[in-house]
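These notes are about the structure you will find just below.
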Amino acid sequence: MKFEHVLRSNQFHLGTLEYLFALADKIRKFNRTQEGLLYLRSLLPHKRAMLFFSQPSTRTFLSFQAACQILGIQTSAIRDPATSSEKKGESIEDSLRTFSSYVDLIIMRSPVAGLCEKIAVLLDNTKSWVPIINAGSGPDEHPTQALLDLYTLNRGFKLHGGINGKTICMVGDLKRGRTVRSLSQLLAHYKGVKIIFSSPQEFKIEPDLRAHLQQAGNINFVETTDFVNSISSADAIYMTRIQDEYDSPDNSLQNIDTSQYNLTYEHLAILKPSCKILHPMPRRQELDIKIDQDPRAEYWNQQRNGMWIRAAVIAVLLGVDQEILSHTVTAHHAL
Ligand code: NCD
């Protein structure tokens, strides 16, 4: 498998997705034994990665760092641009070009849509080329979140005929939620999938995503404000929080009542018994903590799946994926 950067979710085709899922499964399996762990850690100890996160993050940052550690990669990080030369007026392009002289991989999160692509093009034309992973670019894209969401759905539906033919209900801030945008585009690769976008009028999906899904052809989607009916018919529910960090004084969605779209413990009674409940996290009131105990809650698995699928992505970018897939560990000192 070969890809040079991870910039947008629509760069992945079905074959690539299935390959990454198999690779993540293999990495996860190796992690169950000491031999497996040490084998993985021996693969890339000569490589260095930079995590440049200029937007808040808990899960994505830590899971990328853990994914690097799994493969033996050493990491460095900038999480606060106030501590870098950006503060002295350096352009973001110059900062990233500088990082690329020190490391073999850059993982970046930024509030600016499209910045990752811009940097990737810039680095493609320099001698210090390194792969870039988009770990969230403004309200635009979050491709590795989409991979982990899909990996979770794929595992969850394994005994129920896979993702094909399933109804996925997405709820919340569908306008500015990048995870919804990235995941919807990946779901369009499957056959007979239906997406129900359920949100208040003001939080509907953006026209470009609507056009993309219409063009993709094989995906059926509806947009509704009817929360209760949409969740009761769903095979999976993808809850999201209101992305109010993008509110501004002249463009605020702050006063819109979204309480009707909260998934409560009482709603569990109307969900399908096999329904999967996902959330990229962090959550607020839109997802009741009482639901955590329900077997349909998948969001804690999702977080762990993020580490495996990110390790798989990095393994491909740094060229050890074939090696992992063909390796077998014989001794079993279970952890
Ligand atoms: C999401 C993000 O940052 O886009 N979180 C994450 O990466 N797990 C969703 C969010 O912040 O609401």
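Identifiers for the structure tokens are assigned positionally: chains receive A, B, ... in sequence, residues are indexed from 1 per chain, and ligands are indexed from 1 in the order shown.
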Neighbouring residues of segment 112-120 of chain A were defined as those with any atom within 10 Å, considering only C-alpha atoms; residues of the same chain fewer than 4 positions away were excluded. Please report them as a ChimeraX atom specification.
/A:4-8,54-55,92-94,96-97,106-108,124-125,129-141,178
Could you turn the residues from that selection into a file that holds N, CA and C atoms, as a PDB file, in the first residue's frame?
```pdb
ATOM      1  N   GLU A   4       1.145   9.140   0.221  1.00  0.00           N
ATOM      2  CA  GLU A   4       2.261   9.978   0.659  1.00  0.00           C
ATOM      3  C   GLU A   4       1.921  10.888   1.822  1.00  0.00           C
ATOM      4  N   HIS A   5       0.672  11.319   1.892  1.00  0.00           N
ATOM      5  CA  HIS A   5       0.209  12.164   2.991  1.00  0.00           C
ATOM      6  C   HIS A   5      -1.186  11.668   3.361  1.00  0.00           C
ATOM      7  N   VAL A   6      -1.681  12.130   4.513  1.00  0.00           N
ATOM      8  CA  VAL A   6      -3.102  11.916   4.833  1.00  0.00           C
ATOM      9  C   VAL A   6      -3.706  13.299   5.000  1.00  0.00           C
ATOM     10  N   LEU A   7      -4.472  13.741   3.996  1.00  0.00           N
ATOM     11  CA  LEU A   7      -4.946  15.121   3.990  1.00  0.00           C
ATOM     12  C   LEU A   7      -6.466  15.228   4.060  1.00  0.00           C
ATOM     13  N   ARG A   8      -7.142  14.348   3.329  1.00  0.00           N
ATOM     14  CA  ARG A   8      -8.607  14.388   3.276  1.00  0.00           C
ATOM     15  C   ARG A   8      -9.129  12.968   3.288  1.00  0.00           C
ATOM     16  N   SER A  54      -1.998  23.209  16.994  1.00  0.00           N
ATOM     17  CA  SER A  54      -2.292  24.584  17.391  1.00  0.00           C
ATOM     18  C   SER A  54      -3.782  24.781  17.676  1.00  0.00           C
ATOM     19  N   GLN A  55      -4.473  23.682  17.953  1.00  0.00           N
ATOM     20  CA  GLN A  55      -5.881  23.728  18.375  1.00  0.00           C
ATOM     21  C   GLN A  55      -6.000  22.702  19.495  1.00  0.00           C
ATOM     22  N   ILE A  92       3.525  30.439   9.177  1.00  0.00           N
ATOM     23  CA  ILE A  92       3.259  29.024   9.462  1.00  0.00           C
ATOM     24  C   ILE A  92       4.026  28.143   8.469  1.00  0.00           C
ATOM     25  N   GLU A  93       4.146  28.632   7.234  1.00  0.00           N
ATOM     26  CA  GLU A  93       4.875  27.875   6.204  1.00  0.00           C
ATOM     27  C   GLU A  93       6.344  27.699   6.613  1.00  0.00           C
ATOM     28  N   ASP A  94       6.945  28.795   7.085  1.00  0.00           N
ATOM     29  CA  ASP A  94       8.355  28.706   7.481  1.00  0.00           C
ATOM     30  C   ASP A  94       8.512  27.792   8.696  1.00  0.00           C
ATOM     31  N   LEU A  96       6.679  25.216   9.570  1.00  0.00           N
ATOM     32  CA  LEU A  96       6.546  23.803   9.200  1.00  0.00           C
ATOM     33  C   LEU A  96       7.714  23.323   8.356  1.00  0.00           C
ATOM     34  N   ARG A  97       8.237  24.208   7.523  1.00  0.00           N
ATOM     35  CA  ARG A  97       9.407  23.817   6.731  1.00  0.00           C
ATOM     36  C   ARG A  97      10.599  23.547   7.662  1.00  0.00           C
ATOM     37  N   ILE A 106       5.209  14.712   9.993  1.00  0.00           N
ATOM     38  CA  ILE A 106       4.559  15.810  10.732  1.00  0.00           C
ATOM     39  C   ILE A 106       3.071  15.495  10.867  1.00  0.00           C
ATOM     40  N   ILE A 107       2.589  15.544  12.098  1.00  0.00           N
ATOM     41  CA  ILE A 107       1.162  15.329  12.374  1.00  0.00           C
ATOM     42  C   ILE A 107       0.640  16.678  12.845  1.00  0.00           C
ATOM     43  N   MET A 108      -0.327  17.250  12.135  1.00  0.00           N
ATOM     44  CA  MET A 108      -0.710  18.621  12.496  1.00  0.00           C
ATOM     45  C   MET A 108      -2.211  18.850  12.623  1.00  0.00           C
ATOM     46  N   ASP A 124       6.315  19.194  -0.779  1.00  0.00           N
ATOM     47  CA  ASP A 124       6.543  18.354  -1.964  1.00  0.00           C
ATOM     48  C   ASP A 124       7.594  18.987  -2.873  1.00  0.00           C
ATOM     49  N   ASN A 125       7.738  20.291  -2.771  1.00  0.00           N
ATOM     50  CA  ASN A 125       8.697  20.989  -3.628  1.00  0.00           C
ATOM     51  C   ASN A 125       9.989  21.360  -2.907  1.00  0.00           C
ATOM     52  N   TRP A 129      11.430  16.802   2.130  1.00  0.00           N
ATOM     53  CA  TRP A 129      10.060  16.285   2.048  1.00  0.00           C
ATOM     54  C   TRP A 129       9.775  15.340   3.211  1.00  0.00           C
ATOM     55  N   VAL A 130       8.633  15.511   3.858  1.00  0.00           N
ATOM     56  CA  VAL A 130       8.174  14.523   4.839  1.00  0.00           C
ATOM     57  C   VAL A 130       6.659  14.360   4.673  1.00  0.00           C
ATOM     58  N   PRO A 131       6.126  13.174   5.048  1.00  0.00           N
ATOM     59  CA  PRO A 131       4.672  13.025   4.997  1.00  0.00           C
ATOM     60  C   PRO A 131       3.979  13.892   6.051  1.00  0.00           C
ATOM     61  N   ILE A 132       2.781  14.365   5.704  1.00  0.00           N
ATOM     62  CA  ILE A 132       1.960  15.172   6.611  1.00  0.00           C
ATOM     63  C   ILE A 132       0.681  14.395   6.923  1.00  0.00           C
ATOM     64  N   ILE A 133       0.303  14.382   8.182  1.00  0.00           N
ATOM     65  CA  ILE A 133      -1.014  13.825   8.542  1.00  0.00           C
ATOM     66  C   ILE A 133      -1.883  14.958   9.067  1.00  0.00           C
ATOM     67  N   ASN A 134      -3.064  15.080   8.487  1.00  0.00           N
ATOM     68  CA  ASN A 134      -4.050  16.055   8.956  1.00  0.00           C
ATOM     69  C   ASN A 134      -4.773  15.477  10.176  1.00  0.00           C
ATOM     70  N   ALA A 135      -4.532  16.094  11.328  1.00  0.00           N
ATOM     71  CA  ALA A 135      -5.171  15.633  12.568  1.00  0.00           C
ATOM     72  C   ALA A 135      -6.323  16.556  12.947  1.00  0.00           C
ATOM     73  N   GLY A 136      -6.913  17.197  11.934  1.00  0.00           N
ATOM     74  CA  GLY A 136      -8.028  18.126  12.154  1.00  0.00           C
ATOM     75  C   GLY A 136      -7.695  19.473  11.571  1.00  0.00           C
ATOM     76  N   SER A 137      -8.467  19.906  10.556  1.00  0.00           N
ATOM     77  CA  SER A 137      -8.187  21.197   9.916  1.00  0.00           C
ATOM     78  C   SER A 137      -9.452  22.055   9.952  1.00  0.00           C
ATOM     79  N   GLY A 138      -9.545  22.891  10.982  1.00  0.00           N
ATOM     80  CA  GLY A 138     -10.700  23.777  11.122  1.00  0.00           C
ATOM     81  C   GLY A 138     -11.998  22.992  11.045  1.00  0.00           C
ATOM     82  N   PRO A 139     -13.054  23.604  10.503  1.00  0.00           N
ATOM     83  CA  PRO A 139     -14.336  22.892  10.397  1.00  0.00           C
ATOM     84  C   PRO A 139     -14.401  21.988   9.163  1.00  0.00           C
ATOM     85  N   ASP A 140     -13.251  21.769   8.543  1.00  0.00           N
ATOM     86  CA  ASP A 140     -13.207  21.150   7.224  1.00  0.00           C
ATOM     87  C   ASP A 140     -13.089  19.623   7.253  1.00  0.00           C
ATOM     88  N   GLU A 141     -12.001  19.100   7.796  1.00  0.00           N
ATOM     89  CA  GLU A 141     -11.699  17.668   7.662  1.00  0.00           C
ATOM     90  C   GLU A 141     -11.008  17.122   8.898  1.00  0.00           C
ATOM     91  N   ARG A 178     -16.297  18.745  11.677  1.00  0.00           N
ATOM     92  CA  ARG A 178     -15.438  18.170  10.621  1.00  0.00           C
ATOM     93  C   ARG A 178     -15.489  16.654  10.603  1.00  0.00           C
TER      94      ARG A 178
END
```
So that I can check the secondary structure, give me every residue of segment 225-255 of chain A assigned strand (DSSP E or B) by backbone DSSP, as number ranges by chain.
A: 236-239, 248, 251
Hey, what's within 9 Å of segment 260-269 of chain A if we count only C-alpha atoms and toss same-chain stuff fewer than 5 positions away? As a PyMOL selection string, please?
chain A and resi 171-172+198-200+225-228+231-232+239+285-291+294
Export of prior selection with all heavy atoms as a short mmCIF file (atom, residue, chain, number, x, y, z; two decimals), in the first residue's frame:
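Written out: out_36.cif:
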```
data_model
loop_
_atom_site.label_atom_id
_atom_site.label_comp_id
_atom_site.auth_asym_id
_atom_site.auth_seq_id
_atom_site.Cartn_x
_atom_site.Cartn_y
_atom_site.Cartn_z
N VAL A 171 -25.99 13.30 14.25
CA VAL A 171 -26.76 14.27 15.03
C VAL A 171 -25.87 15.39 15.55
O VAL A 171 -24.73 15.14 15.96
CB VAL A 171 -27.40 13.56 16.26
CG1 VAL A 171 -28.30 14.53 17.02
CG2 VAL A 171 -28.17 12.31 15.87
N GLY A 172 -26.40 16.61 15.57
CA GLY A 172 -25.71 17.71 16.24
C GLY A 172 -25.30 18.82 15.30
O GLY A 172 -26.07 19.23 14.43
N SER A 198 -29.53 14.55 11.19
CA SER A 198 -30.59 15.04 12.07
C SER A 198 -30.08 16.21 12.92
O SER A 198 -29.18 16.04 13.75
CB SER A 198 -31.02 13.86 12.97
OG SER A 198 -32.05 14.23 13.80
N SER A 199 -30.62 17.39 12.66
CA SER A 199 -30.12 18.58 13.37
C SER A 199 -31.14 19.70 13.27
O SER A 199 -32.01 19.68 12.40
CB SER A 199 -28.82 19.06 12.72
OG SER A 199 -29.09 19.65 11.46
N PRO A 200 -30.99 20.73 14.13
CA PRO A 200 -31.81 21.93 13.91
C PRO A 200 -31.45 22.53 12.55
O PRO A 200 -30.32 22.32 12.06
CB PRO A 200 -31.37 22.88 15.04
CG PRO A 200 -30.63 22.05 16.02
CD PRO A 200 -30.09 20.86 15.29
N THR A 225 -35.22 17.40 10.79
CA THR A 225 -35.15 18.01 12.12
C THR A 225 -35.83 17.10 13.13
O THR A 225 -35.91 17.43 14.30
CB THR A 225 -35.86 19.39 12.11
OG1 THR A 225 -37.17 19.20 11.55
CG2 THR A 225 -35.10 20.43 11.30
N ASP A 226 -36.28 15.95 12.68
CA ASP A 226 -37.02 15.03 13.56
C ASP A 226 -36.04 14.03 14.21
O ASP A 226 -35.67 13.02 13.62
CB ASP A 226 -38.06 14.29 12.70
CG ASP A 226 -38.88 13.31 13.52
OD1 ASP A 226 -38.49 13.01 14.67
OD2 ASP A 226 -39.90 12.86 13.01
N PHE A 227 -35.64 14.33 15.43
CA PHE A 227 -34.63 13.53 16.11
C PHE A 227 -35.15 12.14 16.47
O PHE A 227 -34.52 11.13 16.15
CB PHE A 227 -34.17 14.29 17.36
CG PHE A 227 -33.19 13.55 18.22
CD1 PHE A 227 -31.91 13.26 17.75
CD2 PHE A 227 -33.52 13.15 19.50
CE1 PHE A 227 -30.99 12.59 18.54
CE2 PHE A 227 -32.61 12.48 20.30
CZ PHE A 227 -31.34 12.20 19.82
N VAL A 228 -36.30 12.08 17.11
CA VAL A 228 -36.79 10.81 17.65
C VAL A 228 -36.99 9.77 16.56
O VAL A 228 -36.54 8.62 16.68
CB VAL A 228 -38.07 11.04 18.49
CG1 VAL A 228 -38.71 9.71 18.88
CG2 VAL A 228 -37.72 11.84 19.74
N ILE A 231 -33.49 8.49 15.14
CA ILE A 231 -32.67 7.56 15.94
C ILE A 231 -33.31 6.18 16.04
O ILE A 231 -32.62 5.17 16.13
CB ILE A 231 -32.33 8.10 17.36
CG1 ILE A 231 -33.58 8.42 18.17
CG2 ILE A 231 -31.39 9.28 17.28
CD1 ILE A 231 -33.30 8.75 19.64
N SER A 232 -34.63 6.11 15.99
CA SER A 232 -35.27 4.81 16.18
C SER A 232 -35.06 3.87 14.99
O SER A 232 -35.10 2.66 15.13
CB SER A 232 -36.76 4.98 16.48
OG SER A 232 -37.36 5.65 15.41
N MET A 239 -23.28 10.83 17.44
CA MET A 239 -23.60 12.08 18.15
C MET A 239 -22.41 13.04 18.04
O MET A 239 -21.26 12.60 18.06
CB MET A 239 -23.87 11.79 19.64
CG MET A 239 -25.07 10.93 19.93
SD MET A 239 -26.63 11.70 19.41
CE MET A 239 -26.66 13.20 20.40
N GLN A 285 -23.64 17.85 27.12
CA GLN A 285 -24.96 17.34 27.52
C GLN A 285 -25.65 16.54 26.41
O GLN A 285 -26.65 15.87 26.66
CB GLN A 285 -25.86 18.49 28.00
CG GLN A 285 -26.43 19.39 26.92
CD GLN A 285 -25.36 20.13 26.14
OE1 GLN A 285 -24.31 20.47 26.66
NE2 GLN A 285 -25.64 20.38 24.86
N GLU A 286 -25.09 16.53 25.19
CA GLU A 286 -25.79 15.84 24.10
C GLU A 286 -25.77 14.32 24.23
O GLU A 286 -26.50 13.62 23.53
CB GLU A 286 -25.25 16.28 22.72
CG GLU A 286 -23.87 15.76 22.35
CD GLU A 286 -22.74 16.58 22.94
OE1 GLU A 286 -23.03 17.62 23.56
OE2 GLU A 286 -21.57 16.19 22.79
N LEU A 287 -24.91 13.81 25.11
CA LEU A 287 -24.82 12.35 25.28
C LEU A 287 -24.76 12.06 26.78
O LEU A 287 -23.74 12.30 27.44
CB LEU A 287 -23.57 11.83 24.57
CG LEU A 287 -23.28 10.34 24.65
CD1 LEU A 287 -24.43 9.52 24.07
CD2 LEU A 287 -21.99 10.00 23.90
N ASP A 288 -25.87 11.53 27.29
CA ASP A 288 -26.04 11.27 28.72
C ASP A 288 -25.00 10.27 29.24
O ASP A 288 -24.82 9.21 28.63
CB ASP A 288 -27.47 10.67 28.86
CG ASP A 288 -27.96 10.65 30.28
OD1 ASP A 288 -27.13 10.70 31.19
OD2 ASP A 288 -29.20 10.59 30.44
N ILE A 289 -24.34 10.59 30.35
CA ILE A 289 -23.32 9.66 30.86
C ILE A 289 -23.94 8.33 31.33
O ILE A 289 -23.25 7.32 31.41
CB ILE A 289 -22.44 10.25 32.00
CG1 ILE A 289 -23.30 10.76 33.16
CG2 ILE A 289 -21.54 11.35 31.49
CD1 ILE A 289 -22.48 11.06 34.40
N LYS A 290 -25.23 8.35 31.59
CA LYS A 290 -25.89 7.09 32.00
C LYS A 290 -25.87 6.05 30.87
O LYS A 290 -26.00 4.86 31.11
CB LYS A 290 -27.34 7.37 32.43
CG LYS A 290 -27.42 7.94 33.85
CD LYS A 290 -28.83 7.85 34.38
CE LYS A 290 -29.52 9.18 34.20
NZ LYS A 290 -30.95 9.23 34.31
N ILE A 291 -25.68 6.52 29.64
CA ILE A 291 -25.64 5.60 28.49
C ILE A 291 -24.33 4.79 28.47
O ILE A 291 -24.27 3.72 27.88
CB ILE A 291 -25.87 6.40 27.18
CG1 ILE A 291 -27.27 7.00 27.19
CG2 ILE A 291 -25.65 5.55 25.93
CD1 ILE A 291 -27.59 7.91 26.02
N ASP A 294 -24.48 1.09 28.84
CA ASP A 294 -25.26 0.30 27.89
C ASP A 294 -24.33 -0.40 26.89
O ASP A 294 -23.38 0.21 26.41
CB ASP A 294 -26.23 1.24 27.13
CG ASP A 294 -27.27 0.47 26.36
OD1 ASP A 294 -26.96 0.03 25.22
OD2 ASP A 294 -28.39 0.32 26.88
#
```
Of the candidates A:Trp308, A:Tyr190, A:Phe203, A:Phe64, which one gets nearest to ligand 1 if we count only C-alpha atoms and all ligand atoms?
A:Phe64
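A distance search around ligand 1 (6 Å at most, only C-alpha atoms and all ligand atoms) returns the following protein and nucleic acid residues: Arg59, Thr60, Gly136, Arg178, Thr179, Arg241, Pro280, Met281 and Pro282 of chain A.
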Limited to N, CA, C and O atoms, could you put the picked residues into a file as a tab-separated table (two decimals), in the first residue's frame?
```tsv
chain	number	residue	atom	x	y	z
A	59	ARG	N	-7.62	13.47	22.95
A	59	ARG	CA	-7.58	12.13	22.35
A	59	ARG	C	-6.69	12.04	21.12
A	59	ARG	O	-5.89	11.12	20.98
A	60	THR	N	-6.89	12.97	20.20
A	60	THR	CA	-6.16	12.85	18.94
A	60	THR	C	-4.66	12.97	19.20
A	60	THR	O	-3.86	12.19	18.69
A	136	GLY	N	-6.91	17.20	11.93
A	136	GLY	CA	-8.03	18.13	12.15
A	136	GLY	C	-7.69	19.47	11.57
A	136	GLY	O	-6.74	20.11	12.01
A	178	ARG	N	-16.30	18.75	11.68
A	178	ARG	CA	-15.44	18.17	10.62
A	178	ARG	C	-15.49	16.65	10.60
A	178	ARG	O	-15.27	16.02	9.57
A	179	THR	N	-15.77	16.04	11.76
A	179	THR	CA	-15.77	14.58	11.80
A	179	THR	C	-16.94	14.04	10.97
A	179	THR	O	-16.81	13.03	10.30
A	241	ARG	N	-20.98	17.22	19.31
A	241	ARG	CA	-21.24	18.41	20.14
A	241	ARG	C	-21.35	19.65	19.24
A	241	ARG	O	-20.92	19.63	18.09
A	280	PRO	N	-17.36	11.29	18.64
A	280	PRO	CA	-15.91	11.49	18.53
A	280	PRO	C	-15.29	11.99	19.83
A	280	PRO	O	-14.07	11.87	20.02
A	281	MET	N	-16.15	12.54	20.71
A	281	MET	CA	-15.72	13.12	21.97
A	281	MET	C	-14.85	14.36	21.72
A	281	MET	O	-14.17	14.41	20.71
A	282	PRO	N	-14.79	15.34	22.57
A	282	PRO	CA	-15.42	15.39	23.88
A	282	PRO	C	-16.94	15.58	23.78
A	282	PRO	O	-17.43	16.18	22.84
```
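Reported to one decimal place, the separation of atom CA of Arg109 of chain A from atom CA of Ile314 of chain A is 15.9 Å.
The smallest atom-to-atom distance between Ser100 of chain A and any of A:Met50, A:Asp173, A:Pro56, A:Ala146, using only C-alpha atoms, is found for A:Met50.
Using only C-alpha atoms, the shortest contact distance between Ala236 of chain A and any of A:Ile205, A:Ile219, A:Leu253, A:Cys275 is found at A:Cys275.
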Would you mind writing down, as JSON, numbers by chain, each residue of segment 129-204 of chain A that DSSP on the backbone assigns to alpha helix (DSSP H)?
{"A": [143, 144, 145, 146, 147, 148, 149, 150, 151, 152, 153, 154, 155, 156, 178, 179, 180, 181, 182, 183, 184, 185, 186, 187]}
